[in-house]
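Structure below is target.cif: mmCIF, C-alpha atoms and all ligand atoms.
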data_structure
#
loop_
_atom_site.label_atom_id
_atom_site.label_comp_id
_atom_site.auth_asym_id
_atom_site.auth_seq_id
_atom_site.Cartn_x
_atom_site.Cartn_y
_atom_site.Cartn_z
CA MET A 1 -88.09 -110.18 169.79
CA SER A 2 -87.65 -110.55 166.05
CA THR A 3 -89.42 -113.58 164.65
CA VAL A 4 -87.03 -116.27 163.63
CA ILE A 5 -87.70 -119.35 161.58
CA GLU A 6 -85.01 -121.92 162.16
CA VAL A 7 -84.60 -124.81 159.80
CA VAL A 8 -82.49 -127.49 161.42
CA ASP A 9 -81.00 -130.32 159.37
CA VAL A 10 -84.20 -130.82 157.40
CA ARG A 11 -84.71 -133.68 154.99
CA LYS A 12 -87.76 -134.03 152.81
CA THR A 13 -88.33 -137.11 150.73
CA TYR A 14 -91.23 -137.91 148.46
CA GLY A 15 -91.69 -141.64 148.17
CA ARG A 16 -88.54 -143.73 148.07
CA HIS A 17 -86.71 -142.05 145.23
CA VAL A 18 -87.05 -138.29 145.52
CA THR A 19 -85.02 -136.36 148.06
CA ALA A 20 -86.19 -132.76 147.72
CA LEU A 21 -84.25 -131.44 150.75
CA ASP A 22 -81.15 -133.17 151.97
CA GLY A 23 -80.00 -131.76 155.29
CA VAL A 24 -80.87 -128.07 155.04
CA THR A 25 -80.02 -125.77 157.94
CA ALA A 26 -80.93 -122.09 157.66
CA MET A 27 -82.28 -119.18 159.63
CA PHE A 28 -84.75 -116.49 158.59
CA GLU A 29 -85.65 -113.48 160.69
CA SER A 30 -87.75 -110.34 160.52
CA GLY A 31 -85.96 -107.35 159.10
CA ARG A 32 -83.76 -109.42 156.75
CA SER A 33 -84.34 -110.19 153.12
CA VAL A 34 -83.08 -113.58 152.00
CA GLY A 35 -83.16 -114.95 148.45
CA ILE A 36 -83.33 -118.64 147.62
CA VAL A 37 -81.98 -119.41 144.17
CA GLY A 38 -81.08 -122.56 142.29
CA GLU A 39 -82.11 -124.42 139.18
CA SER A 40 -85.52 -125.97 138.67
CA GLY A 41 -86.04 -128.94 140.98
CA SER A 42 -83.32 -127.89 143.44
CA GLY A 43 -85.78 -127.82 146.36
CA LYS A 44 -86.62 -124.11 146.67
CA SER A 45 -90.39 -124.52 146.85
CA SER A 46 -90.06 -127.59 149.07
CA LEU A 47 -88.22 -125.37 151.55
CA GLY A 48 -90.65 -122.48 151.07
CA ARG A 49 -93.66 -124.69 151.75
CA MET A 50 -92.03 -125.89 154.93
CA LEU A 51 -91.47 -122.33 156.15
CA VAL A 52 -95.18 -121.57 155.95
CA GLY A 53 -96.20 -124.86 157.53
CA LEU A 54 -97.71 -126.37 154.38
CA SER A 55 -95.39 -129.34 154.54
CA THR A 56 -93.59 -131.13 157.32
CA PRO A 57 -90.01 -132.41 157.32
CA THR A 58 -89.31 -136.11 156.91
CA SER A 59 -86.61 -135.53 159.50
CA GLY A 60 -85.15 -132.46 161.18
CA GLN A 61 -87.08 -129.51 162.54
CA VAL A 62 -88.65 -126.23 161.55
CA LEU A 63 -88.94 -123.92 164.54
CA VAL A 64 -90.77 -120.60 164.69
CA ASN A 65 -89.62 -118.59 167.68
CA GLY A 66 -88.27 -121.80 169.12
CA ARG A 67 -91.49 -123.77 168.69
CA ASP A 68 -92.17 -126.61 166.31
CA LEU A 69 -95.37 -125.92 164.40
CA ARG A 70 -96.42 -129.54 164.94
CA GLN A 71 -96.46 -128.88 168.67
CA LEU A 72 -98.81 -125.92 168.39
CA ARG A 73 -101.97 -127.60 169.54
CA ARG A 74 -103.65 -124.49 170.88
CA ARG A 75 -105.73 -122.69 168.24
CA SER A 76 -104.56 -119.26 169.41
CA LEU A 77 -100.91 -120.25 168.95
CA ARG A 78 -101.57 -121.70 165.50
CA LEU A 79 -103.40 -118.53 164.46
CA GLU A 80 -100.49 -116.46 165.73
CA PHE A 81 -98.09 -118.57 163.63
CA LEU A 82 -100.30 -118.12 160.57
CA ARG A 83 -100.34 -114.36 161.14
CA ALA A 84 -96.60 -114.06 161.71
CA VAL A 85 -95.55 -116.07 158.65
CA GLN A 86 -97.42 -115.21 155.46
CA GLN A 87 -96.85 -116.19 151.86
CA VAL A 88 -97.48 -114.86 148.39
CA ALA A 89 -98.04 -117.47 145.72
CA GLN A 90 -97.05 -117.30 142.08
CA ASP A 91 -100.50 -118.08 140.81
CA THR A 92 -102.98 -115.41 141.89
CA THR A 93 -105.85 -117.12 140.10
CA THR A 94 -106.10 -119.51 143.06
CA THR A 95 -105.68 -116.71 145.64
CA PHE A 96 -108.88 -114.98 144.61
CA ASP A 97 -112.28 -116.61 144.39
CA PRO A 98 -113.94 -115.36 141.17
CA ARG A 99 -117.30 -115.13 142.95
CA HIS A 100 -116.13 -112.48 145.41
CA THR A 101 -114.73 -109.00 145.09
CA VAL A 102 -111.07 -108.52 145.86
CA ARG A 103 -112.07 -106.51 148.94
CA GLU A 104 -113.67 -109.58 150.48
CA ALA A 105 -110.57 -111.67 149.80
CA VAL A 106 -108.18 -109.08 151.25
CA ARG A 107 -110.45 -108.49 154.24
CA THR A 108 -110.83 -112.14 155.28
CA PRO A 109 -107.36 -112.70 156.82
CA ALA A 110 -107.78 -109.50 158.86
CA GLN A 111 -111.00 -110.95 160.28
CA ILE A 112 -109.79 -114.49 160.86
CA LEU A 113 -106.15 -113.95 161.85
CA GLY A 114 -106.36 -110.34 163.00
CA GLY A 115 -109.61 -110.82 164.95
CA MET A 116 -111.13 -107.67 163.42
CA ASP A 117 -114.82 -107.10 162.85
CA LYS A 118 -115.97 -106.33 159.31
CA ALA A 119 -115.82 -102.55 159.64
CA ALA A 120 -112.32 -102.56 161.15
CA ALA A 121 -111.15 -105.04 158.51
CA ASP A 122 -112.53 -102.79 155.76
CA ASP A 123 -110.55 -99.87 157.19
CA ALA A 124 -107.48 -102.10 157.25
CA VAL A 125 -108.04 -102.97 153.57
CA ASP A 126 -108.17 -99.28 152.64
CA ALA A 127 -105.03 -98.59 154.70
CA ILE A 128 -102.87 -101.38 153.25
CA VAL A 129 -104.03 -100.65 149.69
CA GLU A 130 -103.05 -97.01 150.08
CA GLU A 131 -99.76 -97.95 151.69
CA LEU A 132 -98.88 -100.20 148.77
CA GLY A 133 -99.80 -97.50 146.25
CA ILE A 134 -102.67 -99.52 144.77
CA GLY A 135 -105.53 -97.50 143.28
CA ALA A 136 -108.45 -97.57 145.75
CA GLU A 137 -110.90 -98.21 142.90
CA LEU A 138 -109.36 -101.61 142.15
CA VAL A 139 -110.39 -103.13 145.46
CA ASP A 140 -114.08 -103.35 144.71
CA ARG A 141 -113.57 -105.17 141.42
CA TYR A 142 -113.79 -108.89 140.78
CA PRO A 143 -110.49 -110.73 140.21
CA HIS A 144 -111.08 -111.14 136.45
CA GLU A 145 -111.44 -107.38 136.10
CA LEU A 146 -107.78 -106.87 137.06
CA SER A 147 -104.49 -107.27 135.23
CA GLY A 148 -102.03 -109.90 136.44
CA GLY A 149 -99.80 -107.22 137.95
CA GLN A 150 -102.72 -105.59 139.77
CA ARG A 151 -103.87 -108.97 141.08
CA GLN A 152 -100.38 -109.77 142.29
CA ARG A 153 -100.12 -106.48 144.20
CA LEU A 154 -103.52 -107.13 145.77
CA SER A 155 -102.46 -110.62 146.78
CA ILE A 156 -99.45 -109.03 148.49
CA ALA A 157 -101.89 -106.65 150.22
CA ARG A 158 -103.86 -109.70 151.35
CA SER A 159 -100.73 -111.16 152.95
CA LEU A 160 -99.53 -107.91 154.49
CA ILE A 161 -102.89 -106.85 155.94
CA VAL A 162 -102.24 -109.01 159.02
CA ARG A 163 -98.84 -107.32 159.45
CA PRO A 164 -96.76 -110.50 159.29
CA ASP A 165 -93.21 -110.67 160.61
CA ILE A 166 -92.00 -112.71 157.66
CA LEU A 167 -93.31 -112.95 154.09
CA ILE A 168 -92.43 -115.92 151.90
CA CYS A 169 -92.63 -115.12 148.17
CA ASP A 170 -92.29 -118.12 145.86
CA GLU A 171 -91.84 -116.92 142.27
CA ALA A 172 -94.17 -114.07 143.20
CA VAL A 173 -93.23 -111.87 140.24
CA SER A 174 -92.07 -114.47 137.72
CA ALA A 175 -95.32 -114.44 135.74
CA LEU A 176 -95.25 -110.66 135.27
CA ASP A 177 -93.60 -108.67 132.50
CA VAL A 178 -90.53 -106.64 133.37
CA SER A 179 -92.32 -103.34 134.03
CA ALA A 180 -95.02 -104.95 136.19
CA GLN A 181 -92.22 -106.80 138.02
CA ALA A 182 -90.43 -103.53 138.70
CA VAL A 183 -93.56 -102.00 140.24
CA VAL A 184 -94.12 -104.97 142.55
CA LEU A 185 -90.44 -105.24 143.52
CA ASN A 186 -90.23 -101.54 144.38
CA VAL A 187 -93.37 -101.68 146.50
CA LEU A 188 -92.12 -104.77 148.32
CA LYS A 189 -88.64 -103.40 148.87
CA GLN A 190 -90.00 -100.19 150.36
CA TYR A 191 -92.36 -102.07 152.64
CA VAL A 192 -89.60 -104.40 153.83
CA ARG A 193 -87.50 -101.37 154.79
CA SER A 194 -90.23 -99.33 156.42
CA HIS A 195 -91.71 -102.21 158.44
CA SER A 196 -88.62 -104.25 159.10
CA LEU A 197 -90.39 -107.17 157.44
CA GLY A 198 -88.50 -110.40 156.94
CA LEU A 199 -88.60 -111.49 153.31
CA VAL A 200 -87.83 -114.87 151.81
CA PHE A 201 -87.66 -114.39 148.06
CA ILE A 202 -87.65 -117.59 146.04
CA SER A 203 -86.94 -116.98 142.39
CA HIS A 204 -85.42 -118.07 139.09
CA GLY A 205 -84.70 -114.45 138.28
CA LEU A 206 -81.28 -113.36 139.46
CA PRO A 207 -81.71 -109.61 138.74
CA ALA A 208 -84.98 -109.43 140.69
CA THR A 209 -83.45 -111.44 143.53
CA ALA A 210 -80.30 -109.31 143.57
CA PHE A 211 -82.43 -106.15 143.68
CA ILE A 212 -84.54 -107.15 146.63
CA THR A 213 -82.36 -109.33 148.88
CA ASP A 214 -79.52 -108.78 151.35
CA GLU A 215 -78.50 -112.41 151.53
CA LEU A 216 -78.65 -115.45 149.30
CA LEU A 217 -78.98 -119.16 149.76
CA VAL A 218 -77.93 -121.10 146.68
CA MET A 219 -79.54 -124.53 146.42
CA ASN A 220 -78.55 -127.50 144.31
CA ALA A 221 -80.15 -130.94 144.52
CA GLY A 222 -81.75 -130.28 147.90
CA VAL A 223 -78.59 -128.90 149.49
CA VAL A 224 -77.58 -125.31 150.32
CA VAL A 225 -74.26 -125.12 148.49
CA GLU A 226 -73.45 -121.48 149.19
CA GLU A 227 -74.79 -118.67 151.33
CA GLY A 228 -73.85 -115.13 152.17
CA ASP A 229 -74.24 -111.50 151.33
CA THR A 230 -76.05 -111.15 147.96
CA ALA A 231 -73.48 -108.88 146.29
CA THR A 232 -70.61 -111.12 147.35
CA VAL A 233 -72.26 -114.39 146.35
CA LEU A 234 -73.15 -113.05 142.89
CA GLY A 235 -69.98 -110.98 142.44
CA GLU A 236 -67.46 -113.51 143.69
CA PRO A 237 -69.21 -116.87 143.78
CA SER A 238 -67.07 -119.38 145.60
CA HIS A 239 -68.92 -122.57 144.69
CA ALA A 240 -68.69 -123.99 141.18
CA TYR A 241 -72.47 -124.41 141.01
CA THR A 242 -73.06 -120.74 141.87
CA ARG A 243 -70.52 -119.68 139.23
CA GLN A 244 -72.38 -121.82 136.71
CA LEU A 245 -75.71 -120.29 137.71
CA VAL A 246 -74.39 -116.72 137.40
CA GLU A 247 -72.65 -117.58 134.12
CA ALA A 248 -75.78 -119.22 132.66
CA PHE A 249 -77.70 -116.12 133.54
CA ARG A 250 -75.22 -113.77 131.88
CA THR A 251 -75.36 -115.88 128.72
CA VAL A 252 -79.15 -115.61 128.56
CA GLU A 253 -78.99 -111.87 129.27
CA THR A 254 -76.44 -111.32 126.51
CA ALA A 255 -78.44 -113.42 124.06
CA ALA A 256 -81.58 -111.43 124.86
CA ALA A 257 -79.86 -108.03 124.52
N1 LIG B 1 -95.45 -133.38 146.11
C1 LIG B 1 -94.38 -133.92 145.51
N2 LIG B 1 -94.33 -135.25 145.24
C2 LIG B 1 -93.24 -135.80 144.66
N3 LIG B 1 -92.14 -135.10 144.32
C3 LIG B 1 -92.14 -133.79 144.55
C4 LIG B 1 -93.24 -133.12 145.16
N4 LIG B 1 -92.95 -131.81 145.28
C5 LIG B 1 -91.72 -131.66 144.77
N5 LIG B 1 -91.23 -132.84 144.34
C6 LIG B 1 -89.89 -133.08 143.76
O1 LIG B 1 -88.94 -132.53 144.65
C7 LIG B 1 -87.88 -131.91 143.93
C8 LIG B 1 -87.77 -130.45 144.35
O2 LIG B 1 -88.93 -129.76 143.91
P1 LIG B 1 -89.21 -128.22 144.23
O3 LIG B 1 -90.60 -127.93 143.79
O4 LIG B 1 -88.86 -127.94 145.63
O5 LIG B 1 -88.15 -127.51 143.26
P2 LIG B 1 -87.93 -125.97 142.91
O6 LIG B 1 -86.52 -125.65 143.22
O7 LIG B 1 -88.98 -125.16 143.56
O8 LIG B 1 -88.11 -125.96 141.32
P3 LIG B 1 -88.76 -124.83 140.37
O9 LIG B 1 -87.67 -123.80 140.20
O10 LIG B 1 -89.02 -125.55 139.10
O11 LIG B 1 -89.97 -124.28 141.02
C9 LIG B 1 -88.18 -132.12 142.46
O12 LIG B 1 -87.47 -133.25 142.05
C10 LIG B 1 -89.66 -132.36 142.44
O13 LIG B 1 -90.02 -133.16 141.36
MG MG B 2 -90.57 -123.95 142.84
#
What would you get if you wrote out this structure as structure tokens?
Ligand SMILES: Nc1ncnc2c1ncn2[C@@H]1O[C@H](COP(=O)(O)OP(=O)(O)OP(=O)(O)O)[C@@H](O)[C@H]1O
Ligand SMILES: [Mg+2]
Amino acid sequence: MSTVIEVVDVRKTYGRHVTALDGVTAMFESGRSVGIVGESGSGKSSLGRMLVGLSTPTSGQVLVNGRDLRQLRRRSLRLEFLRAVQQVAQDTTTTFDPRHTVREAVRTPAQILGGMDKAAADDAVDAIVEELGIGAELVDRYPHELSGGQRQRLSIARSLIVRPDILICDEAVSALDVSAQAVVLNVLKQYVRSHSLGLVFISHGLPATAFITDELLVMNAGVVVEEGDTATVLGEPSHAYTRQLVEAFRTVETAAA
């Protein structure tokens, strides 16, 4: 069965005045690549955090394979959820502990979530690094001895080493320059295809999102205002907000050219 995360009529409020998500219903499954776009503060990260279980809805439900994470009392089930749904953060400086080599950081999830012993986990590190086209020599360095792009690819390796069903990327390439972005996007896109990985790609960048996703959710003020096939949504946006978003992007692109 393909892993499915179902978000059912979810609201998320912070205090009395902030409604970050206002009745969001959406479905994410392995083998599909879905982009979440919208202006700053529209609720993208609030939704992303909920998908990986880092935040709970004020009302509504988030179900993974039909189960609410809050009901997963058994450790083995929780570990299985954590394996199946992985994330890549924007800021890799918090992903890697400066006191340890990158190998140790990439190996740890394989040991904890994959149940591997150290030797098997080390083999898994070498395998995923090779698969992602990362130079083998980088793995035994310390985080500060790597470029931002290299660190980001290794943090993706750290998430993929447990062979998740769905990967949630929140602004995962936004901090990189265009050429480093292209490398990461190509690696991710290939992996998504070859492993039928589900991808949730949260981003400000429309070109990157268009390149890597099949479908789009457009968010505005905590609400999904438009959804559908990526090419259609961007090519023939039906909602005024989406048109504005696409238009704003074209203006910036033209100004930068
Ligand atoms: N922990 C929090 N406490 C209070 N308010 C929060 C918290 N997290 C997010 N918010 C608010 O919720 C709203 C949605 O924030 P969110 O981070 O989901 O936006 P976003 O779409 O990811 O924006 P960006 O593109 O800037 O990353 C914003 O108004 C934000 O200020
Ligand atoms: Mg965000």
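Here the question is which of A:Val37, A:Ser46, A:Leu160, A:Gly60 gets nearest to Val7 (chain A) using all atoms listed in the file, and that residue is A:Gly60.
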Throw together the list of residues within 9 Å of ligand MG 2 (chain B), counting all atoms listed in the file, and drop it here as a compact mmCIF listing (two decimals) with C-alpha atoms, in the frame of the given file.
# COMPACT_ATOMS: atom_id res chain seq x y z
CA SER A 40 -85.52 -125.97 138.67
CA GLY A 41 -86.04 -128.94 140.98
CA SER A 42 -83.32 -127.89 143.44
CA GLY A 43 -85.78 -127.82 146.36
CA LYS A 44 -86.62 -124.11 146.67
CA SER A 45 -90.39 -124.52 146.85
CA SER A 46 -90.06 -127.59 149.07
CA GLY A 48 -90.65 -122.48 151.07
CA ASP A 170 -92.29 -118.12 145.86
CA GLU A 171 -91.84 -116.92 142.27
CA ILE A 202 -87.65 -117.59 146.04
CA SER A 203 -86.94 -116.98 142.39
CA HIS A 204 -85.42 -118.07 139.09
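Note that CA of Phe81 (chain A) and CA of Val52 (chain A) are 8.7 Å apart.
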d(CA of Gly222 (chain A), CA of His239 (chain A)) in Å: 15.3 Å
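The spacing separating CA of Glu236 (chain A) from CA of Val34 (chain A) amounts to 17.7 Å.
Contact shell of Gln90 (chain A) at 12 Å (all atoms listed in the file; same-chain neighbours under 6 positions omitted): Ser45, Gly148, Gly149, Arg151, Gln152, Arg153, Ser155, Ile156, Ile168, Cys169, Asp170, Glu171, Ala172, Val173, Ser174, Ala175, Leu176, Phe201, Ile202 and Ser203 of chain A.
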Around region 136-151 of chain A, fit a box with edges along x, y and z, padding it by 3 Å on each side, then list its centre and edge lengths in Å to one decimal as JSON.
{"center_x": -106.9, "center_y": -104.4, "center_z": 140.5, "size_x": 20.3, "size_y": 19.6, "size_z": 16.5}
Neighbour list for Leu167 (chain A) as a PyMOL selection string, cut-off 10 Å, only C-alpha atoms, skip fewer than 6 positions in-chain: chain A and resi 30+33+51-52+84-88+156+159-160+192+197-201
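Using all atoms listed in the file, the shortest contact distance between ligand LIG 1 (chain B) and any of A:Glu131, A:Asp123, A:Glu215, A:Asp22 is found at A:Asp22.
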Which of A:Leu79, A:Glu130, A:Ser194, A:Tyr142 sits closest to Arg32 (chain A) [using only C-alpha atoms]: A:Ser194
Nearest to Thr92 (chain A), chosen from A:Ser55, A:Leu154, A:Ala119, A:Val106, with only C-alpha atoms counted in the distances: A:Leu154
Selection: 10 Å around region 110-118 of chain A, all atoms listed in the file, excl. self and same-chain fewer than 2 positions, as a list in words: Ser76, Arg78, Leu79, Glu80, Phe81, Leu82, Arg83, Ala84, Glu104, Ala105, Val106, Arg107, Thr108, Ala120, Ala121, Asp122, Asp123, Ala124, Val125, Arg158, Ser159, Leu160, Ile161, Val162 and Arg163 of chain A
Pick from A:Val24, A:Ala89, A:Val129, A:Val218 nearest to Thr58 (chain A), counting all atoms listed in the file: A:Val24
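Using only C-alpha atoms and all ligand atoms, the nearest neighbour of ligand LIG 1 (chain B) within the list A:Gln244, A:Thr101, A:Gln190, A:Thr56 is A:Thr56.
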